[in-house]
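Note sheet for the following structure.
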Amino acid sequence: MKSERKRVKKMFFIHQYEKEEAFLHKMRLGGWKFVNIKRGIPTTYEFEKCEPESYSYCLDYVTEQQDTESYHQLLQDAGWEELCSYPGVGGTWYYFSKKQELGQKEELFTDHDSKEYLVNRLLVTYGLYCILLMCLEANGIRILSGGLGGWSFLGVLKIVSLVLFSSCLVVLAYVEAGLFGLYLKRKKEKQQSL
Amino acid sequence: MKHTFIPMSETAYYILLSLVEERHGYGIMQYVNEITNERLKLGAGTIYGTLGKLEKAGLISMTKEEEKRKYYQITEEGTSVLREELSRIRELYKAGKEVLGNEK
């Protein structure tokens, strides 16, 4: 018998991965186990009915260079179950969970240096992505400023680029908001590391 | 910018100390937990990142890879950095003891 499933649409910005972890933890406490993710804005989270349990959830953003077999082995050795992954910019988001012993929160990152290192990695890769998107947008403005010009081949091309242009704009706004959040987060992390 | 490692973070200090003997990531985690009487539980992500940084700086080197696990050991440079840090900690301890006396 297939167990009961449900989908929840929810949006988190790039810097809100800890909020996302808390959300998944709370769902598990309420008897819903996170099984899969579908990308989009907002993101779709898929859950499976289960017994209410206390699990820690952790996200890690791993660049291609760091994404080695030994990374996954180490996390597995440490008791983390890899649930799913989500393609990011220049790297991959991985979702892990681990059962909490005596209600104690389990963490992937236990010092300021490594928490800040994650924020810095995100700032660099998503920052570059943001610049690239802005170049595309600037180019789009240049093309579209010539007017649509009716149903010629060029006109259709312009309508297509208009659609691309506006969807790009949504992604850009999403990334920019996340970058701003990351910047604030980094500042906070720096203050705490004193 | 070159990372000087002194003063050293608690994480880096205990990882270097663990690697006086050859160990893999999870082995380090267990060892540190043991010698600090379970006070310090290093996260797997923190260990992975710090190992990368220490290796890049030449303070540790990879000795072998077995069943997807990388083993590391401290280098000569790593040992001398660790000694330097130890004398810094000794100074901290001495100064603290002088000011506060033998309070517990």
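Quick note on naming: the chains in the structure tokens go A, B, ... in the order shown, residues restart at 1 in each chain, and ligands are numbered from 1 in order of appearance.
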Practice prompt. Considering only C-alpha atoms, extract the chain B residues located within 10 Å of chain A and return them as a ChimeraX atom specification.
Written response: /B:9-11,24-27,29-30,40-50,52,65-71
Worksheet item: Mind checking DSSP for chain A and telling me the strand (DSSP E or B) residues as a ChimeraX atom specification?
Response: /A:5-10,32-38,43-49,55-63,81-87,91-99
Just N, CA and C atoms for this one: save the residues we selected as a short mmCIF file (atom, residue, chain, number, x, y, z; two decimals), in the first residue's frame.
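File produced: selection.cif:
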data_model
loop_
_atom_site.label_atom_id
_atom_site.label_comp_id
_atom_site.auth_asym_id
_atom_site.auth_seq_id
_atom_site.Cartn_x
_atom_site.Cartn_y
_atom_site.Cartn_z
N ARG A 5 0.62 10.86 0.84
CA ARG A 5 1.59 11.92 0.55
C ARG A 5 0.91 13.26 0.46
N LYS A 6 1.69 14.30 0.68
CA LYS A 6 1.14 15.63 0.41
C LYS A 6 2.23 16.58 -0.08
N ARG A 7 1.79 17.59 -0.78
CA ARG A 7 2.74 18.57 -1.30
C ARG A 7 2.50 19.92 -0.67
N VAL A 8 3.59 20.59 -0.36
CA VAL A 8 3.48 21.93 0.21
C VAL A 8 4.34 22.88 -0.62
N LYS A 9 3.73 23.98 -1.04
CA LYS A 9 4.50 24.98 -1.77
C LYS A 9 4.98 26.03 -0.79
N LYS A 10 6.26 26.32 -0.82
CA LYS A 10 6.80 27.29 0.12
C LYS A 10 8.03 27.95 -0.50
N TRP A 32 5.04 14.34 9.27
CA TRP A 32 5.24 14.37 7.82
C TRP A 32 6.72 14.36 7.50
N LYS A 33 7.12 13.31 6.78
CA LYS A 33 8.53 13.10 6.47
C LYS A 33 8.83 13.66 5.09
N PHE A 34 9.83 14.50 5.03
CA PHE A 34 10.22 15.12 3.75
C PHE A 34 10.87 14.07 2.84
N VAL A 35 10.34 13.94 1.62
CA VAL A 35 10.93 12.94 0.72
C VAL A 35 11.51 13.52 -0.57
N ASN A 36 10.93 14.59 -1.06
CA ASN A 36 11.46 15.11 -2.33
C ASN A 36 11.17 16.59 -2.51
N ILE A 37 11.89 17.14 -3.47
CA ILE A 37 11.75 18.57 -3.73
C ILE A 37 11.62 18.80 -5.23
N LYS A 38 10.77 19.75 -5.61
CA LYS A 38 10.67 20.11 -7.03
C LYS A 38 10.97 21.59 -7.15
N THR A 43 9.06 26.81 -4.28
CA THR A 43 9.51 25.43 -4.36
C THR A 43 8.41 24.49 -3.85
N THR A 44 8.34 23.28 -4.42
CA THR A 44 7.36 22.30 -3.95
C THR A 44 8.07 21.24 -3.11
N TYR A 45 7.57 21.04 -1.89
CA TYR A 45 8.12 20.03 -1.00
C TYR A 45 7.14 18.87 -0.91
N GLU A 46 7.67 17.65 -1.06
CA GLU A 46 6.81 16.49 -0.99
C GLU A 46 7.04 15.75 0.33
N PHE A 47 5.95 15.40 1.00
CA PHE A 47 6.03 14.73 2.30
C PHE A 47 5.28 13.41 2.29
N GLU A 48 5.75 12.52 3.16
CA GLU A 48 5.10 11.23 3.32
C GLU A 48 4.65 11.10 4.77
N LYS A 49 3.47 10.55 4.99
CA LYS A 49 2.95 10.42 6.35
C LYS A 49 3.83 9.47 7.16
N TYR A 55 13.66 14.93 14.27
CA TYR A 55 14.81 14.80 13.37
C TYR A 55 15.41 16.16 13.10
N SER A 56 16.74 16.20 13.00
CA SER A 56 17.39 17.43 12.55
C SER A 56 17.54 17.37 11.05
N TYR A 57 17.27 18.50 10.42
CA TYR A 57 17.48 18.60 8.98
C TYR A 57 18.58 19.60 8.72
N CYS A 58 19.45 19.30 7.76
CA CYS A 58 20.51 20.23 7.41
C CYS A 58 20.68 20.33 5.91
N LEU A 59 20.92 21.55 5.45
CA LEU A 59 21.20 21.78 4.04
C LEU A 59 22.67 22.13 3.90
N ASP A 60 23.27 21.65 2.84
CA ASP A 60 24.63 22.10 2.55
C ASP A 60 24.72 22.43 1.08
N TYR A 61 25.45 23.49 0.80
CA TYR A 61 25.66 23.89 -0.58
C TYR A 61 27.09 23.50 -0.94
N VAL A 62 27.23 22.57 -1.87
CA VAL A 62 28.54 22.01 -2.18
C VAL A 62 28.94 22.37 -3.61
N THR A 63 30.07 23.04 -3.75
CA THR A 63 30.53 23.40 -5.10
C THR A 63 31.05 22.14 -5.80
N GLU A 81 21.60 11.04 6.82
CA GLU A 81 20.99 10.39 5.68
C GLU A 81 20.78 11.43 4.58
N GLU A 82 21.26 11.10 3.37
CA GLU A 82 21.10 12.04 2.26
C GLU A 82 19.72 11.85 1.65
N LEU A 83 18.92 12.91 1.64
CA LEU A 83 17.54 12.77 1.20
C LEU A 83 17.36 13.11 -0.28
N CYS A 84 17.86 14.24 -0.67
CA CYS A 84 17.73 14.64 -2.06
C CYS A 84 18.68 15.79 -2.34
N SER A 85 18.74 16.15 -3.60
CA SER A 85 19.60 17.28 -3.95
C SER A 85 18.84 18.23 -4.86
N TYR A 86 19.36 19.41 -4.97
CA TYR A 86 18.69 20.46 -5.72
C TYR A 86 19.78 21.24 -6.43
N PRO A 87 19.73 21.29 -7.76
CA PRO A 87 20.81 21.98 -8.46
C PRO A 87 20.84 23.48 -8.18
N GLY A 91 27.01 24.65 -8.19
CA GLY A 91 27.10 23.66 -7.12
C GLY A 91 25.75 23.01 -6.88
N THR A 92 25.66 22.25 -5.82
CA THR A 92 24.44 21.52 -5.53
C THR A 92 24.04 21.71 -4.07
N TRP A 93 22.75 21.86 -3.85
CA TRP A 93 22.21 21.86 -2.49
C TRP A 93 21.87 20.43 -2.13
N TYR A 94 22.37 19.98 -0.96
CA TYR A 94 22.02 18.64 -0.49
C TYR A 94 21.20 18.76 0.77
N TYR A 95 20.21 17.87 0.89
CA TYR A 95 19.36 17.83 2.08
C TYR A 95 19.69 16.58 2.87
N PHE A 96 20.00 16.79 4.15
CA PHE A 96 20.35 15.66 5.02
C PHE A 96 19.44 15.65 6.24
N SER A 97 19.26 14.46 6.80
CA SER A 97 18.53 14.39 8.08
C SER A 97 19.21 13.40 9.01
N LYS A 98 19.01 13.64 10.30
CA LYS A 98 19.59 12.77 11.32
C LYS A 98 18.67 12.76 12.53
N LYS A 99 18.45 11.58 13.07
CA LYS A 99 17.58 11.46 14.24
C LYS A 99 18.21 12.16 15.43
#
Response to the item:
Computed gap from atom CA of Tyr31 of chain B to atom CA of His25 of chain A is 28.9 Å
Shell around Met62 of chain B at 10 Å using only C-alpha atoms, local window under 2 positions removed, as a PDB file with N, CA, C and O atoms, in the first residue's frame:
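Written file, out-v5.pdb:
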ATOM      1  N   GLU B  22      47.534   9.041  11.937  1.00  0.00           N
ATOM      2  CA  GLU B  22      46.746   9.023  10.705  1.00  0.00           C
ATOM      3  C   GLU B  22      45.278   8.705  11.012  1.00  0.00           C
ATOM      4  O   GLU B  22      44.991   7.736  11.711  1.00  0.00           O
ATOM      5  N   ARG B  23      44.376   9.558  10.507  1.00  0.00           N
ATOM      6  CA  ARG B  23      42.941   9.327  10.743  1.00  0.00           C
ATOM      7  C   ARG B  23      42.106   9.805   9.557  1.00  0.00           C
ATOM      8  O   ARG B  23      42.551  10.642   8.787  1.00  0.00           O
ATOM      9  N   HIS B  24      40.883   9.295   9.462  1.00  0.00           N
ATOM     10  CA  HIS B  24      39.951   9.841   8.460  1.00  0.00           C
ATOM     11  C   HIS B  24      38.949  10.747   9.167  1.00  0.00           C
ATOM     12  O   HIS B  24      38.949  10.826  10.411  1.00  0.00           O
ATOM     13  N   LEU B  51      39.380  20.401   6.975  1.00  0.00           N
ATOM     14  CA  LEU B  51      40.398  19.509   6.395  1.00  0.00           C
ATOM     15  C   LEU B  51      40.888  20.073   5.058  1.00  0.00           C
ATOM     16  O   LEU B  51      42.088  20.087   4.787  1.00  0.00           O
ATOM     17  N   GLU B  55      44.692  21.258   4.450  1.00  0.00           N
ATOM     18  CA  GLU B  55      45.471  20.570   3.415  1.00  0.00           C
ATOM     19  C   GLU B  55      46.048  21.578   2.425  1.00  0.00           C
ATOM     20  O   GLU B  55      47.206  21.510   2.040  1.00  0.00           O
ATOM     21  N   ILE B  60      48.489  19.654   6.785  1.00  0.00           N
ATOM     22  CA  ILE B  60      48.221  18.213   6.802  1.00  0.00           C
ATOM     23  C   ILE B  60      48.335  17.708   5.363  1.00  0.00           C
ATOM     24  O   ILE B  60      48.281  18.502   4.422  1.00  0.00           O
ATOM     25  N   LYS B  64      46.171   8.293   2.310  1.00  0.00           N
ATOM     26  CA  LYS B  64      45.569   7.254   1.456  1.00  0.00           C
ATOM     27  C   LYS B  64      44.064   7.468   1.332  1.00  0.00           C
ATOM     28  O   LYS B  64      43.471   8.236   2.089  1.00  0.00           O
ATOM     29  N   GLU B  65      43.474   6.780   0.354  1.00  0.00           N
ATOM     30  CA  GLU B  65      42.025   6.803   0.210  1.00  0.00           C
ATOM     31  C   GLU B  65      41.544   5.363   0.181  1.00  0.00           C
ATOM     32  O   GLU B  65      41.976   4.579  -0.672  1.00  0.00           O
ATOM     33  N   LYS B  70      39.011   9.438   2.972  1.00  0.00           N
ATOM     34  CA  LYS B  70      40.358  10.005   2.862  1.00  0.00           C
ATOM     35  C   LYS B  70      41.017  10.032   4.240  1.00  0.00           C
ATOM     36  O   LYS B  70      40.411  10.502   5.199  1.00  0.00           O
ATOM     37  N   TYR B  71      42.253   9.556   4.297  1.00  0.00           N
ATOM     38  CA  TYR B  71      43.011   9.571   5.544  1.00  0.00           C
ATOM     39  C   TYR B  71      44.034  10.693   5.476  1.00  0.00           C
ATOM     40  O   TYR B  71      44.642  10.919   4.424  1.00  0.00           O
ATOM     41  N   TYR B  72      44.227  11.362   6.590  1.00  0.00           N
ATOM     42  CA  TYR B  72      45.180  12.473   6.638  1.00  0.00           C
ATOM     43  C   TYR B  72      46.157  12.290   7.785  1.00  0.00           C
ATOM     44  O   TYR B  72      45.882  11.584   8.753  1.00  0.00           O
ATOM     45  N   GLN B  73      47.291  12.998   7.674  1.00  0.00           N
ATOM     46  CA  GLN B  73      48.243  13.063   8.764  1.00  0.00           C
ATOM     47  C   GLN B  73      48.890  14.447   8.768  1.00  0.00           C
ATOM     48  O   GLN B  73      48.998  15.089   7.728  1.00  0.00           O
ATOM     49  N   ILE B  74      49.326  14.876   9.954  1.00  0.00           N
ATOM     50  CA  ILE B  74      49.931  16.201  10.094  1.00  0.00           C
ATOM     51  C   ILE B  74      51.302  16.231   9.386  1.00  0.00           C
ATOM     52  O   ILE B  74      52.000  15.227   9.346  1.00  0.00           O
ATOM     53  N   THR B  75      51.658  17.378   8.808  1.00  0.00           N
ATOM     54  CA  THR B  75      52.972  17.521   8.167  1.00  0.00           C
ATOM     55  C   THR B  75      53.949  18.178   9.154  1.00  0.00           C
ATOM     56  O   THR B  75      53.551  18.574  10.245  1.00  0.00           O
TER      57      THR B  75
END
Worksheet item: Expressed in Å to a single decimal, how great is the separation between atom CA of Glu189 of chain A and atom CA of Glu116 of chain A?
Response: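 The value is 6.4 Å.
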Worksheet entry | Atom-to-atom span, atom CA of His15 of chain A and atom CA of Tyr126 of chain A, Å |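 Computed distance, atom CA of His15 of chain A to atom CA of Tyr126 of chain A, equals 10.8 Å.
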